[in-house]
$ cat data-v3.cif   # mmCIF, C-alpha atoms
data_protein
#
loop_
_atom_site.group_PDB
_atom_site.id
_atom_site.type_symbol
_atom_site.label_atom_id
_atom_site.label_comp_id
_atom_site.auth_asym_id
_atom_site.auth_seq_id
_atom_site.Cartn_x
_atom_site.Cartn_y
_atom_site.Cartn_z
ATOM 1 C CA MET B 27 2.282 -12.804 51.586
ATOM 2 C CA VAL B 28 5.810 -11.903 52.673
ATOM 3 C CA GLU B 29 8.783 -12.051 50.306
ATOM 4 C CA ALA B 30 12.209 -13.208 51.512
ATOM 5 C CA THR B 31 15.596 -13.659 49.857
ATOM 6 C CA SER B 32 18.337 -16.078 50.807
ATOM 7 C CA CYS B 33 21.653 -17.036 49.228
ATOM 8 C CA GLY B 34 23.687 -20.194 49.468
ATOM 9 C CA GLY B 35 26.414 -22.320 48.038
ATOM 10 C CA VAL B 36 27.098 -25.644 46.421
ATOM 11 C CA VAL B 37 30.572 -26.088 47.911
ATOM 12 C CA ILE B 38 32.878 -28.610 46.232
ATOM 13 C CA PHE B 39 36.249 -29.966 47.348
ATOM 14 C CA ARG B 40 37.957 -32.673 45.281
ATOM 15 C CA GLY B 41 34.694 -33.532 43.551
ATOM 16 C CA LYS B 42 32.653 -33.908 46.747
ATOM 17 C CA ILE B 43 29.766 -31.690 47.866
ATOM 18 C CA LEU B 44 29.312 -30.114 51.305
ATOM 19 C CA LEU B 45 25.993 -30.883 53.041
ATOM 20 C CA LEU B 46 24.512 -30.075 56.446
ATOM 21 C CA TYR B 47 22.163 -32.202 58.547
ATOM 22 C CA LYS B 48 19.510 -30.235 60.419
ATOM 23 C CA ASN B 49 17.511 -31.592 63.338
ATOM 24 C CA TYR B 50 15.134 -29.097 64.916
ATOM 25 C CA LYS B 51 13.379 -30.649 67.945
ATOM 26 C CA ASN B 52 12.983 -33.854 65.894
ATOM 27 C CA LYS B 53 10.359 -32.045 63.777
ATOM 28 C CA TYR B 54 12.583 -30.874 60.959
ATOM 29 C CA GLU B 55 15.183 -33.371 59.932
ATOM 30 C CA GLY B 56 17.159 -33.616 56.741
ATOM 31 C CA TRP B 57 20.246 -32.894 54.676
ATOM 32 C CA VAL B 58 20.445 -29.435 53.082
ATOM 33 C CA LEU B 59 22.840 -27.115 51.278
ATOM 34 C CA PRO B 60 24.147 -24.144 53.302
ATOM 35 C CA LYS B 61 22.130 -20.953 52.795
ATOM 36 C CA GLY B 62 20.699 -18.013 54.693
ATOM 37 C CA THR B 63 18.994 -14.648 54.680
ATOM 38 C CA VAL B 64 20.396 -11.546 53.018
ATOM 39 C CA GLU B 65 21.241 -8.850 55.564
ATOM 40 C CA GLN B 66 20.738 -5.095 55.027
ATOM 41 C CA GLY B 67 23.243 -3.695 52.514
ATOM 42 C CA GLU B 68 24.661 -7.093 51.547
ATOM 43 C CA GLU B 69 25.224 -8.291 47.965
ATOM 44 C CA HIS B 70 24.016 -11.813 47.137
ATOM 45 C CA ASN B 71 27.557 -13.167 46.760
ATOM 46 C CA GLU B 72 28.523 -11.713 50.170
ATOM 47 C CA THR B 73 25.509 -13.354 51.819
ATOM 48 C CA ALA B 74 26.313 -16.724 50.241
ATOM 49 C CA LEU B 75 29.935 -16.641 51.448
ATOM 50 C CA ARG B 76 28.951 -15.444 54.944
ATOM 51 C CA GLU B 77 26.232 -18.072 55.359
ATOM 52 C CA VAL B 78 28.503 -20.912 54.193
ATOM 53 C CA LYS B 79 31.129 -19.732 56.710
ATOM 54 C CA GLU B 80 28.603 -19.350 59.579
ATOM 55 C CA GLU B 81 26.756 -22.624 59.007
ATOM 56 C CA THR B 82 29.726 -24.870 58.133
ATOM 57 C CA GLY B 83 32.918 -23.099 59.236
ATOM 58 C CA VAL B 84 34.149 -23.362 55.632
ATOM 59 C CA SER B 85 35.918 -20.466 53.919
ATOM 60 C CA ALA B 86 34.891 -20.980 50.313
ATOM 61 C CA GLN B 87 35.537 -19.088 47.081
ATOM 62 C CA ILE B 88 32.769 -18.319 44.611
ATOM 63 C CA ILE B 89 33.383 -19.759 41.174
ATOM 64 C CA LYS B 90 30.157 -18.626 39.514
ATOM 65 C CA TYR B 91 26.464 -17.897 39.940
ATOM 66 C CA VAL B 92 24.356 -21.017 39.352
ATOM 67 C CA GLY B 93 20.768 -19.812 39.497
ATOM 68 C CA LYS B 94 17.718 -19.207 41.625
ATOM 69 C CA SER B 95 15.231 -21.530 43.295
ATOM 70 C CA GLN B 96 11.839 -20.481 44.626
ATOM 71 C CA TYR B 97 9.484 -21.949 47.185
ATOM 72 C CA SER B 98 6.937 -20.867 49.750
ATOM 73 C CA PHE B 99 6.053 -21.979 53.260
ATOM 74 C CA ASN B 100 3.573 -21.076 55.981
ATOM 75 C CA THR B 101 4.326 -19.420 59.293
ATOM 76 C CA PRO B 102 1.673 -18.863 61.981
ATOM 77 C CA GLN B 103 1.363 -15.239 60.779
ATOM 78 C CA ASN B 104 1.863 -15.460 57.031
ATOM 79 C CA VAL B 105 2.796 -17.218 53.818
ATOM 80 C CA VAL B 106 6.459 -16.630 52.962
ATOM 81 C CA SER B 107 7.564 -16.644 49.321
ATOM 82 C CA LYS B 108 11.312 -17.222 49.201
ATOM 83 C CA ASP B 109 13.900 -16.745 46.435
ATOM 84 C CA VAL B 110 17.258 -18.452 46.977
ATOM 85 C CA HIS B 111 20.258 -17.417 44.865
ATOM 86 C CA TRP B 112 22.868 -20.178 44.520
ATOM 87 C CA PHE B 113 26.595 -20.024 43.815
ATOM 88 C CA LEU B 114 29.044 -22.746 42.825
ATOM 89 C CA MET B 115 31.901 -22.574 45.339
ATOM 90 C CA MET B 116 35.227 -24.236 45.960
ATOM 91 C CA SER B 117 36.802 -24.926 49.359
ATOM 92 C CA ASP B 118 40.400 -25.834 50.077
ATOM 93 C CA SER B 119 39.889 -28.675 52.573
ATOM 94 C CA TYR B 120 37.439 -31.287 53.857
ATOM 95 C CA TYR B 121 37.095 -29.390 57.143
ATOM 96 C CA SER B 122 33.580 -28.434 58.248
ATOM 97 C CA LYS B 123 31.903 -27.717 61.573
ATOM 98 C CA PRO B 124 28.085 -27.566 61.728
ATOM 99 C CA GLN B 125 26.555 -24.517 63.417
ATOM 100 C CA ARG B 126 24.762 -25.885 66.495
ATOM 101 C CA GLU B 127 22.811 -22.647 67.108
ATOM 102 C CA GLU B 128 20.985 -23.254 63.808
ATOM 103 C CA TYR B 129 20.250 -26.878 64.787
ATOM 104 C CA PHE B 130 22.812 -28.394 62.421
ATOM 105 C CA CYS B 131 24.156 -31.548 64.032
ATOM 106 C CA ASP B 132 26.316 -32.951 61.226
ATOM 107 C CA SER B 133 28.134 -31.835 58.093
ATOM 108 C CA GLY B 134 30.394 -33.426 55.541
ATOM 109 C CA TYR B 135 31.449 -33.829 51.938
ATOM 110 C CA TYR B 136 29.699 -36.450 49.823
ATOM 111 C CA LYS B 137 30.063 -37.870 46.325
ATOM 112 C CA TYR B 138 27.546 -36.408 43.880
ATOM 113 C CA HIS B 139 25.183 -39.411 43.787
ATOM 114 C CA GLU B 140 25.237 -39.667 47.593
ATOM 115 C CA ALA B 141 24.579 -35.935 48.041
ATOM 116 C CA TYR B 142 21.770 -36.013 45.463
ATOM 117 C CA HIS B 143 19.956 -38.810 47.305
ATOM 118 C CA LEU B 144 20.592 -37.354 50.766
ATOM 119 C CA LEU B 145 19.157 -33.901 49.977
ATOM 120 C CA LYS B 146 15.690 -33.403 51.423
ATOM 121 C CA PHE B 147 14.259 -30.865 48.956
ATOM 122 C CA ALA B 148 13.664 -31.292 45.214
ATOM 123 C CA ASN B 149 14.659 -27.684 44.441
ATOM 124 C CA GLU B 150 18.048 -28.214 46.135
ATOM 125 C CA LYS B 151 18.550 -31.440 44.152
ATOM 126 C CA GLN B 152 17.899 -29.447 40.967
ATOM 127 C CA ILE B 153 20.433 -26.749 41.958
ATOM 128 C CA LEU B 154 22.966 -29.427 42.905
ATOM 129 C CA GLU B 155 22.570 -31.007 39.474
ATOM 130 C CA GLN B 156 23.076 -27.648 37.715
ATOM 131 C CA ALA B 157 26.082 -26.701 39.853
ATOM 132 C CA TYR B 158 27.711 -30.107 39.507
ATOM 133 C CA ASN B 159 27.356 -30.011 35.719
ATOM 134 C CA GLU B 160 29.025 -26.565 35.738
ATOM 135 C CA TYR B 161 31.811 -28.031 37.884
ATOM 136 C CA LEU B 162 32.293 -30.956 35.463
ATOM 137 C CA ASP B 163 32.411 -28.555 32.468
ATOM 138 C CA LEU B 164 35.067 -26.429 34.184
ATOM 139 C CA LYS B 165 37.040 -29.533 35.122
ATOM 140 C CA ARG B 166 36.919 -30.858 31.527
ATOM 141 C CA SER B 167 38.219 -27.486 30.337
ATOM 142 C CA ASN B 168 40.983 -27.524 32.976
ATOM 143 C CA LEU B 169 39.537 -24.336 34.488
ATOM 144 C CA TRP B 170 38.509 -25.730 37.891
ATOM 145 C CA GLY B 171 40.967 -24.462 40.486
ATOM 146 C CA SER B 172 42.662 -22.205 37.977
ATOM 147 C CA LYS B 173 43.303 -18.779 39.506
ATOM 148 C CA LYS B 174 42.753 -17.265 36.046
ATOM 149 C CA TYR B 175 39.116 -18.263 36.250
ATOM 150 C CA TYR B 176 38.161 -16.111 39.259
#
$ encode --input "data-v3.cif" --output "structure tokens"
Amino acid sequence: MVEATSCGGVVIFRGKILLLYKNYKNKYEGWVLPKGTVEQGEEHNETALREVKEETGVSAQIIKYVGKSQYSFNTPQNVVSKDVHWFLMMSDSYYSKPQREEYFCDSGYYKYHEAYHLLKFANEKQILEQAYNEYLDLKRSNLWGSKKYY
């Protein structure tokens, strides 16, 4: 068994959530949240911001840590056990550009209920729900978008 760590973001702009559509040789298809592997010497928050930027072209700001999801998958050589650390993030526009080299062919911002139903994986739906509830709490308290909060 091999252990791996990734970090990603639930990026929100004006109440909508950023998703990516991946299509790898028509075998892997589906909507996902942006995330990627931690590089040597990187903090989790740095990885999350870098991966969001690389995969979507979006420069986001971290609002807060949301939590961790875990899953495992098989490769021809091994079983990989993966931890993914998630951050609630805010962007300052609807702009996004999917990273073609990673087989992302579409990206965009979606209303919560649309994003929830589009997401392919149950663990990402769970993280989306947590992050969106955090967002709503901050919004109710007039803290979302407040520079004092960062």
$ resolve_selection --input "data-v3.cif" --expression "the PyMOL selection byres ((chain B and resi 74-91) around 8)" --output "PyMOL selection string"
chain B and resi 33-35+37+46+60-62+70-73+92-93+111-118+121-125+128+130+133+175-176
$ write_last_selection --input "data-v3.cif" --atoms "C-alpha atoms" --output "CSV table (one decimal), in the frame of the given file"
chain,number,residue,atom,x,y,z
B,33,CYS,CA,21.7,-17.0,49.2
B,34,GLY,CA,23.7,-20.2,49.5
B,35,GLY,CA,26.4,-22.3,48.0
B,37,VAL,CA,30.6,-26.1,47.9
B,46,LEU,CA,24.5,-30.1,56.4
B,60,PRO,CA,24.1,-24.1,53.3
B,61,LYS,CA,22.1,-21.0,52.8
B,62,GLY,CA,20.7,-18.0,54.7
B,70,HIS,CA,24.0,-11.8,47.1
B,71,ASN,CA,27.6,-13.2,46.8
B,72,GLU,CA,28.5,-11.7,50.2
B,73,THR,CA,25.5,-13.4,51.8
B,92,VAL,CA,24.4,-21.0,39.4
B,93,GLY,CA,20.8,-19.8,39.5
B,111,HIS,CA,20.3,-17.4,44.9
B,112,TRP,CA,22.9,-20.2,44.5
B,113,PHE,CA,26.6,-20.0,43.8
B,114,LEU,CA,29.0,-22.7,42.8
B,115,MET,CA,31.9,-22.6,45.3
B,116,MET,CA,35.2,-24.2,46.0
B,117,SER,CA,36.8,-24.9,49.4
B,118,ASP,CA,40.4,-25.8,50.1
B,121,TYR,CA,37.1,-29.4,57.1
B,122,SER,CA,33.6,-28.4,58.2
B,123,LYS,CA,31.9,-27.7,61.6
B,124,PRO,CA,28.1,-27.6,61.7
B,125,GLN,CA,26.6,-24.5,63.4
B,128,GLU,CA,21.0,-23.3,63.8
B,130,PHE,CA,22.8,-28.4,62.4
B,133,SER,CA,28.1,-31.8,58.1
B,175,TYR,CA,39.1,-18.3,36.2
B,176,TYR,CA,38.2,-16.1,39.3
$ closest_residue --input "data-v3.cif" --among "B:Gly56, B:Ser95, B:Thr63, B:Trp170" --to "Gln152 (chain B)" --atoms "all atoms listed in the file"
B:Ser95
$ atom_distance --input "data-v3.cif" --atom1 "CA of Val36 (chain B)" --atom2 "CA of Leu59 (chain B)"
6.6 Å
$ closest_residue --input "data-v3.cif" --among "B:Lys146, B:Glu68, B:Met27, B:Gln103" --to "Lys48 (chain B)" --atoms "only C-alpha atoms"
B:Lys146
$ resolve_selection --input "data-v3.cif" --expression "the PyMOL selection byres ((chain B and resi 51) around 12)" --output "PyMOL selection string"
chain B and resi 48-50+52-55+128-131
$ resolve_selection --input "data-v3.cif" --expression "the PyMOL selection byres ((chain B and resi 141) around 12)" --output "tab-separated table (two decimals) with C-alpha atoms, keeping the file's coordinate frame"
chain	number	residue	atom	x	y	z
B	36	VAL	CA	27.10	-25.64	46.42
B	37	VAL	CA	30.57	-26.09	47.91
B	38	ILE	CA	32.88	-28.61	46.23
B	41	GLY	CA	34.69	-33.53	43.55
B	42	LYS	CA	32.65	-33.91	46.75
B	43	ILE	CA	29.77	-31.69	47.87
B	44	LEU	CA	29.31	-30.11	51.30
B	45	LEU	CA	25.99	-30.88	53.04
B	46	LEU	CA	24.51	-30.08	56.45
B	47	TYR	CA	22.16	-32.20	58.55
B	56	GLY	CA	17.16	-33.62	56.74
B	57	TRP	CA	20.25	-32.89	54.68
B	58	VAL	CA	20.44	-29.44	53.08
B	59	LEU	CA	22.84	-27.12	51.28
B	133	SER	CA	28.13	-31.84	58.09
B	134	GLY	CA	30.39	-33.43	55.54
B	135	TYR	CA	31.45	-33.83	51.94
B	136	TYR	CA	29.70	-36.45	49.82
B	137	LYS	CA	30.06	-37.87	46.32
B	138	TYR	CA	27.55	-36.41	43.88
B	139	HIS	CA	25.18	-39.41	43.79
B	140	GLU	CA	25.24	-39.67	47.59
B	142	TYR	CA	21.77	-36.01	45.46
B	143	HIS	CA	19.96	-38.81	47.30
B	144	LEU	CA	20.59	-37.35	50.77
B	145	LEU	CA	19.16	-33.90	49.98
B	146	LYS	CA	15.69	-33.40	51.42
B	147	PHE	CA	14.26	-30.86	48.96
B	150	GLU	CA	18.05	-28.21	46.14
B	151	LYS	CA	18.55	-31.44	44.15
B	152	GLN	CA	17.90	-29.45	40.97
B	153	ILE	CA	20.43	-26.75	41.96
B	154	LEU	CA	22.97	-29.43	42.90
B	155	GLU	CA	22.57	-31.01	39.47
B	158	TYR	CA	27.71	-30.11	39.51
$ closest_residue --input "data-v3.cif" --among "B:Ser107, B:Asp163, B:Gln96, B:Leu169" --to "Asn149 (chain B)" --atoms "only C-alpha atoms"
B:Gln96
$ atom_distance --input "data-v3.cif" --atom1 "CA of Glu29 (chain B)" --atom2 "CA of Gln66 (chain B)"
14.6 Å
$ atom_distance --input "data-v3.cif" --atom1 "CA of Thr101 (chain B)" --atom2 "CA of Val64 (chain B)"
19.0 Å
$ axis_aligned_box --input "data-v3.cif" --around "region 34-52 of chain B" --padding-each-side "8 Å" --output "lines of an AutoDock Vina configuration file"
center_x = 25.5
center_y = -27.1
center_z = 55.7
size_x = 41.0
size_y = 29.7
size_z = 40.4
$ closest_residue --input "data-v3.cif" --among "B:Lys94, B:Ser32, B:Asn100, B:Val105" --to "Ala157 (chain B)" --atoms "only C-alpha atoms"
B:Lys94
$ closest_residue --input "data-v3.cif" --among "B:Tyr161, B:Ala30, B:Phe39, B:Asn168" --to "Tyr97 (chain B)" --atoms "only C-alpha atoms"
B:Ala30
$ decode --input "data-v3.cif" --residues "region 37-85 of chain B" --atoms "N, CA and C atoms" --output "PDB file, in the first residue's frame"
ATOM      1  N   VAL B  37     -13.923  26.464  -4.481  1.00  0.00           N
ATOM      2  CA  VAL B  37     -13.777  27.873  -4.848  1.00  0.00           C
ATOM      3  C   VAL B  37     -15.156  28.458  -5.125  1.00  0.00           C
ATOM      4  N   ILE B  38     -15.468  29.573  -4.448  1.00  0.00           N
ATOM      5  CA  ILE B  38     -16.781  30.199  -4.583  1.00  0.00           C
ATOM      6  C   ILE B  38     -16.625  31.637  -5.076  1.00  0.00           C
ATOM      7  N   PHE B  39     -17.464  32.005  -6.039  1.00  0.00           N
ATOM      8  CA  PHE B  39     -17.573  33.398  -6.477  1.00  0.00           C
ATOM      9  C   PHE B  39     -19.053  33.713  -6.614  1.00  0.00           C
ATOM     10  N   ARG B  40     -19.490  34.735  -5.879  1.00  0.00           N
ATOM     11  CA  ARG B  40     -20.903  35.152  -5.879  1.00  0.00           C
ATOM     12  C   ARG B  40     -21.852  33.983  -5.669  1.00  0.00           C
ATOM     13  N   GLY B  41     -21.499  33.117  -4.725  1.00  0.00           N
ATOM     14  CA  GLY B  41     -22.381  32.013  -4.351  1.00  0.00           C
ATOM     15  C   GLY B  41     -22.305  30.786  -5.237  1.00  0.00           C
ATOM     16  N   LYS B  42     -21.494  30.840  -6.303  1.00  0.00           N
ATOM     17  CA  LYS B  42     -21.390  29.693  -7.206  1.00  0.00           C
ATOM     18  C   LYS B  42     -20.055  28.990  -7.012  1.00  0.00           C
ATOM     19  N   ILE B  43     -20.040  27.687  -7.316  1.00  0.00           N
ATOM     20  CA  ILE B  43     -18.891  26.823  -7.032  1.00  0.00           C
ATOM     21  C   ILE B  43     -18.189  26.435  -8.332  1.00  0.00           C
ATOM     22  N   LEU B  44     -16.854  26.475  -8.297  1.00  0.00           N
ATOM     23  CA  LEU B  44     -16.032  26.150  -9.458  1.00  0.00           C
ATOM     24  C   LEU B  44     -15.839  24.636  -9.576  1.00  0.00           C
ATOM     25  N   LEU B  45     -16.191  24.087 -10.752  1.00  0.00           N
ATOM     26  CA  LEU B  45     -15.996  22.664 -11.029  1.00  0.00           C
ATOM     27  C   LEU B  45     -15.211  22.482 -12.323  1.00  0.00           C
ATOM     28  N   LEU B  46     -14.581  21.323 -12.441  1.00  0.00           N
ATOM     29  CA  LEU B  46     -13.844  20.937 -13.641  1.00  0.00           C
ATOM     30  C   LEU B  46     -14.435  19.653 -14.208  1.00  0.00           C
ATOM     31  N   TYR B  47     -14.450  19.552 -15.551  1.00  0.00           N
ATOM     32  CA  TYR B  47     -14.898  18.324 -16.194  1.00  0.00           C
ATOM     33  C   TYR B  47     -13.696  17.622 -16.802  1.00  0.00           C
ATOM     34  N   LYS B  48     -13.467  16.390 -16.361  1.00  0.00           N
ATOM     35  CA  LYS B  48     -12.317  15.612 -16.828  1.00  0.00           C
ATOM     36  C   LYS B  48     -12.787  14.540 -17.792  1.00  0.00           C
ATOM     37  N   ASN B  49     -12.031  14.363 -18.883  1.00  0.00           N
ATOM     38  CA  ASN B  49     -12.335  13.313 -19.840  1.00  0.00           C
ATOM     39  C   ASN B  49     -11.007  12.717 -20.279  1.00  0.00           C
ATOM     40  N   TYR B  50     -10.657  11.586 -19.703  1.00  0.00           N
ATOM     41  CA  TYR B  50      -9.397  10.925 -20.015  1.00  0.00           C
ATOM     42  C   TYR B  50      -9.658   9.740 -20.940  1.00  0.00           C
ATOM     43  N   LYS B  51      -9.388   9.913 -22.220  1.00  0.00           N
ATOM     44  CA  LYS B  51      -9.547   8.850 -23.231  1.00  0.00           C
ATOM     45  C   LYS B  51     -10.911   8.175 -23.135  1.00  0.00           C
ATOM     46  N   ASN B  52     -11.927   8.954 -22.808  1.00  0.00           N
ATOM     47  CA  ASN B  52     -13.312   8.487 -22.652  1.00  0.00           C
ATOM     48  C   ASN B  52     -13.475   7.402 -21.589  1.00  0.00           C
ATOM     49  N   LYS B  53     -12.422   7.132 -20.802  1.00  0.00           N
ATOM     50  CA  LYS B  53     -12.525   6.136 -19.737  1.00  0.00           C
ATOM     51  C   LYS B  53     -12.959   6.816 -18.446  1.00  0.00           C
ATOM     52  N   TYR B  54     -12.284   7.925 -18.127  1.00  0.00           N
ATOM     53  CA  TYR B  54     -12.636   8.642 -16.914  1.00  0.00           C
ATOM     54  C   TYR B  54     -13.355   9.903 -17.322  1.00  0.00           C
ATOM     55  N   GLU B  55     -14.592  10.014 -16.943  1.00  0.00           N
ATOM     56  CA  GLU B  55     -15.349  11.206 -17.259  1.00  0.00           C
ATOM     57  C   GLU B  55     -16.094  11.650 -16.017  1.00  0.00           C
ATOM     58  N   GLY B  56     -16.092  12.950 -15.763  1.00  0.00           N
ATOM     59  CA  GLY B  56     -16.904  13.433 -14.657  1.00  0.00           C
ATOM     60  C   GLY B  56     -16.468  14.785 -14.143  1.00  0.00           C
ATOM     61  N   TRP B  57     -17.357  15.409 -13.406  1.00  0.00           N
ATOM     62  CA  TRP B  57     -17.117  16.714 -12.786  1.00  0.00           C
ATOM     63  C   TRP B  57     -16.443  16.511 -11.438  1.00  0.00           C
ATOM     64  N   VAL B  58     -15.407  17.313 -11.179  1.00  0.00           N
ATOM     65  CA  VAL B  58     -14.628  17.203  -9.937  1.00  0.00           C
ATOM     66  C   VAL B  58     -14.282  18.592  -9.420  1.00  0.00           C
ATOM     67  N   LEU B  59     -13.841  18.627  -8.170  1.00  0.00           N
ATOM     68  CA  LEU B  59     -13.276  19.845  -7.579  1.00  0.00           C
ATOM     69  C   LEU B  59     -11.778  19.868  -7.897  1.00  0.00           C
ATOM     70  N   PRO B  60     -11.182  21.051  -8.037  1.00  0.00           N
ATOM     71  CA  PRO B  60      -9.741  21.108  -8.317  1.00  0.00           C
ATOM     72  C   PRO B  60      -8.908  20.648  -7.124  1.00  0.00           C
ATOM     73  N   LYS B  61      -7.926  19.779  -7.407  1.00  0.00           N
ATOM     74  CA  LYS B  61      -7.034  19.286  -6.353  1.00  0.00           C
ATOM     75  C   LYS B  61      -5.809  18.661  -6.993  1.00  0.00           C
ATOM     76  N   GLY B  62      -4.756  18.471  -6.190  1.00  0.00           N
ATOM     77  CA  GLY B  62      -3.564  17.833  -6.727  1.00  0.00           C
ATOM     78  C   GLY B  62      -2.575  17.479  -5.640  1.00  0.00           C
ATOM     79  N   THR B  63      -1.484  16.870  -6.067  1.00  0.00           N
ATOM     80  CA  THR B  63      -0.495  16.287  -5.169  1.00  0.00           C
ATOM     81  C   THR B  63       0.425  17.325  -4.543  1.00  0.00           C
ATOM     82  N   VAL B  64       0.707  17.114  -3.257  1.00  0.00           N
ATOM     83  CA  VAL B  64       1.633  17.964  -2.521  1.00  0.00           C
ATOM     84  C   VAL B  64       3.047  17.723  -3.052  1.00  0.00           C
ATOM     85  N   GLU B  65       3.749  18.816  -3.353  1.00  0.00           N
ATOM     86  CA  GLU B  65       5.136  18.709  -3.802  1.00  0.00           C
ATOM     87  C   GLU B  65       6.074  18.862  -2.612  1.00  0.00           C
ATOM     88  N   GLN B  66       7.308  18.368  -2.776  1.00  0.00           N
ATOM     89  CA  GLN B  66       8.336  18.424  -1.724  1.00  0.00           C
ATOM     90  C   GLN B  66       8.448  19.831  -1.134  1.00  0.00           C
ATOM     91  N   GLY B  67       8.358  19.926   0.197  1.00  0.00           N
ATOM     92  CA  GLY B  67       8.557  21.193   0.890  1.00  0.00           C
ATOM     93  C   GLY B  67       7.358  22.126   0.875  1.00  0.00           C
ATOM     94  N   GLU B  68       6.235  21.681   0.320  1.00  0.00           N
ATOM     95  CA  GLU B  68       5.056  22.535   0.233  1.00  0.00           C
ATOM     96  C   GLU B  68       4.135  22.338   1.431  1.00  0.00           C
ATOM     97  N   GLU B  69       3.541  23.426   1.914  1.00  0.00           N
ATOM     98  CA  GLU B  69       2.480  23.346   2.933  1.00  0.00           C
ATOM     99  C   GLU B  69       1.170  22.997   2.217  1.00  0.00           C
ATOM    100  N   HIS B  70       0.213  22.456   2.955  1.00  0.00           N
ATOM    101  CA  HIS B  70      -1.062  22.056   2.353  1.00  0.00           C
ATOM    102  C   HIS B  70      -1.777  23.232   1.697  1.00  0.00           C
ATOM    103  N   ASN B  71      -1.780  24.393   2.373  1.00  0.00           N
ATOM    104  CA  ASN B  71      -2.471  25.552   1.797  1.00  0.00           C
ATOM    105  C   ASN B  71      -1.799  26.013   0.496  1.00  0.00           C
ATOM    106  N   GLU B  72      -0.470  25.915   0.429  1.00  0.00           N
ATOM    107  CA  GLU B  72       0.258  26.288  -0.789  1.00  0.00           C
ATOM    108  C   GLU B  72      -0.095  25.343  -1.943  1.00  0.00           C
ATOM    109  N   THR B  73      -0.173  24.058  -1.642  1.00  0.00           N
ATOM    110  CA  THR B  73      -0.538  23.074  -2.669  1.00  0.00           C
ATOM    111  C   THR B  73      -1.933  23.366  -3.194  1.00  0.00           C
ATOM    112  N   ALA B  74      -2.873  23.607  -2.291  1.00  0.00           N
ATOM    113  CA  ALA B  74      -4.263  23.857  -2.701  1.00  0.00           C
ATOM    114  C   ALA B  74      -4.342  25.068  -3.634  1.00  0.00           C
ATOM    115  N   LEU B  75      -3.685  26.157  -3.271  1.00  0.00           N
ATOM    116  CA  LEU B  75      -3.709  27.364  -4.109  1.00  0.00           C
ATOM    117  C   LEU B  75      -3.035  27.115  -5.460  1.00  0.00           C
ATOM    118  N   ARG B  76      -1.897  26.432  -5.455  1.00  0.00           N
ATOM    119  CA  ARG B  76      -1.168  26.140  -6.691  1.00  0.00           C
ATOM    120  C   ARG B  76      -1.997  25.262  -7.626  1.00  0.00           C
ATOM    121  N   GLU B  77      -2.590  24.209  -7.063  1.00  0.00           N
ATOM    122  CA  GLU B  77      -3.374  23.280  -7.887  1.00  0.00           C
ATOM    123  C   GLU B  77      -4.619  23.955  -8.475  1.00  0.00           C
ATOM    124  N   VAL B  78      -5.297  24.775  -7.694  1.00  0.00           N
ATOM    125  CA  VAL B  78      -6.455  25.512  -8.216  1.00  0.00           C
ATOM    126  C   VAL B  78      -6.011  26.391  -9.384  1.00  0.00           C
ATOM    127  N   LYS B  79      -4.882  27.077  -9.212  1.00  0.00           N
ATOM    128  CA  LYS B  79      -4.355  27.965 -10.265  1.00  0.00           C
ATOM    129  C   LYS B  79      -3.970  27.160 -11.515  1.00  0.00           C
ATOM    130  N   GLU B  80      -3.250  26.039 -11.323  1.00  0.00           N
ATOM    131  CA  GLU B  80      -2.806  25.224 -12.465  1.00  0.00           C
ATOM    132  C   GLU B  80      -3.980  24.602 -13.219  1.00  0.00           C
ATOM    133  N   GLU B  81      -4.932  24.041 -12.474  1.00  0.00           N
ATOM    134  CA  GLU B  81      -6.014  23.287 -13.115  1.00  0.00           C
ATOM    135  C   GLU B  81      -7.121  24.169 -13.682  1.00  0.00           C
ATOM    136  N   THR B  82      -7.299  25.381 -13.117  1.00  0.00           N
ATOM    137  CA  THR B  82      -8.437  26.217 -13.532  1.00  0.00           C
ATOM    138  C   THR B  82      -8.047  27.610 -14.013  1.00  0.00           C
ATOM    139  N   GLY B  83      -6.793  28.023 -13.773  1.00  0.00           N
ATOM    140  CA  GLY B  83      -6.387  29.379 -14.110  1.00  0.00           C
ATOM    141  C   GLY B  83      -6.881  30.419 -13.124  1.00  0.00           C
ATOM    142  N   VAL B  84      -7.522  29.980 -12.045  1.00  0.00           N
ATOM    143  CA  VAL B  84      -8.123  30.899 -11.070  1.00  0.00           C
ATOM    144  C   VAL B  84      -7.145  31.210  -9.939  1.00  0.00           C
ATOM    145  N   SER B  85      -6.971  32.497  -9.667  1.00  0.00           N
ATOM    146  CA  SER B  85      -6.205  32.936  -8.496  1.00  0.00           C
ATOM    147  C   SER B  85      -7.201  33.105  -7.357  1.00  0.00           C
TER     148      SER B  85
END
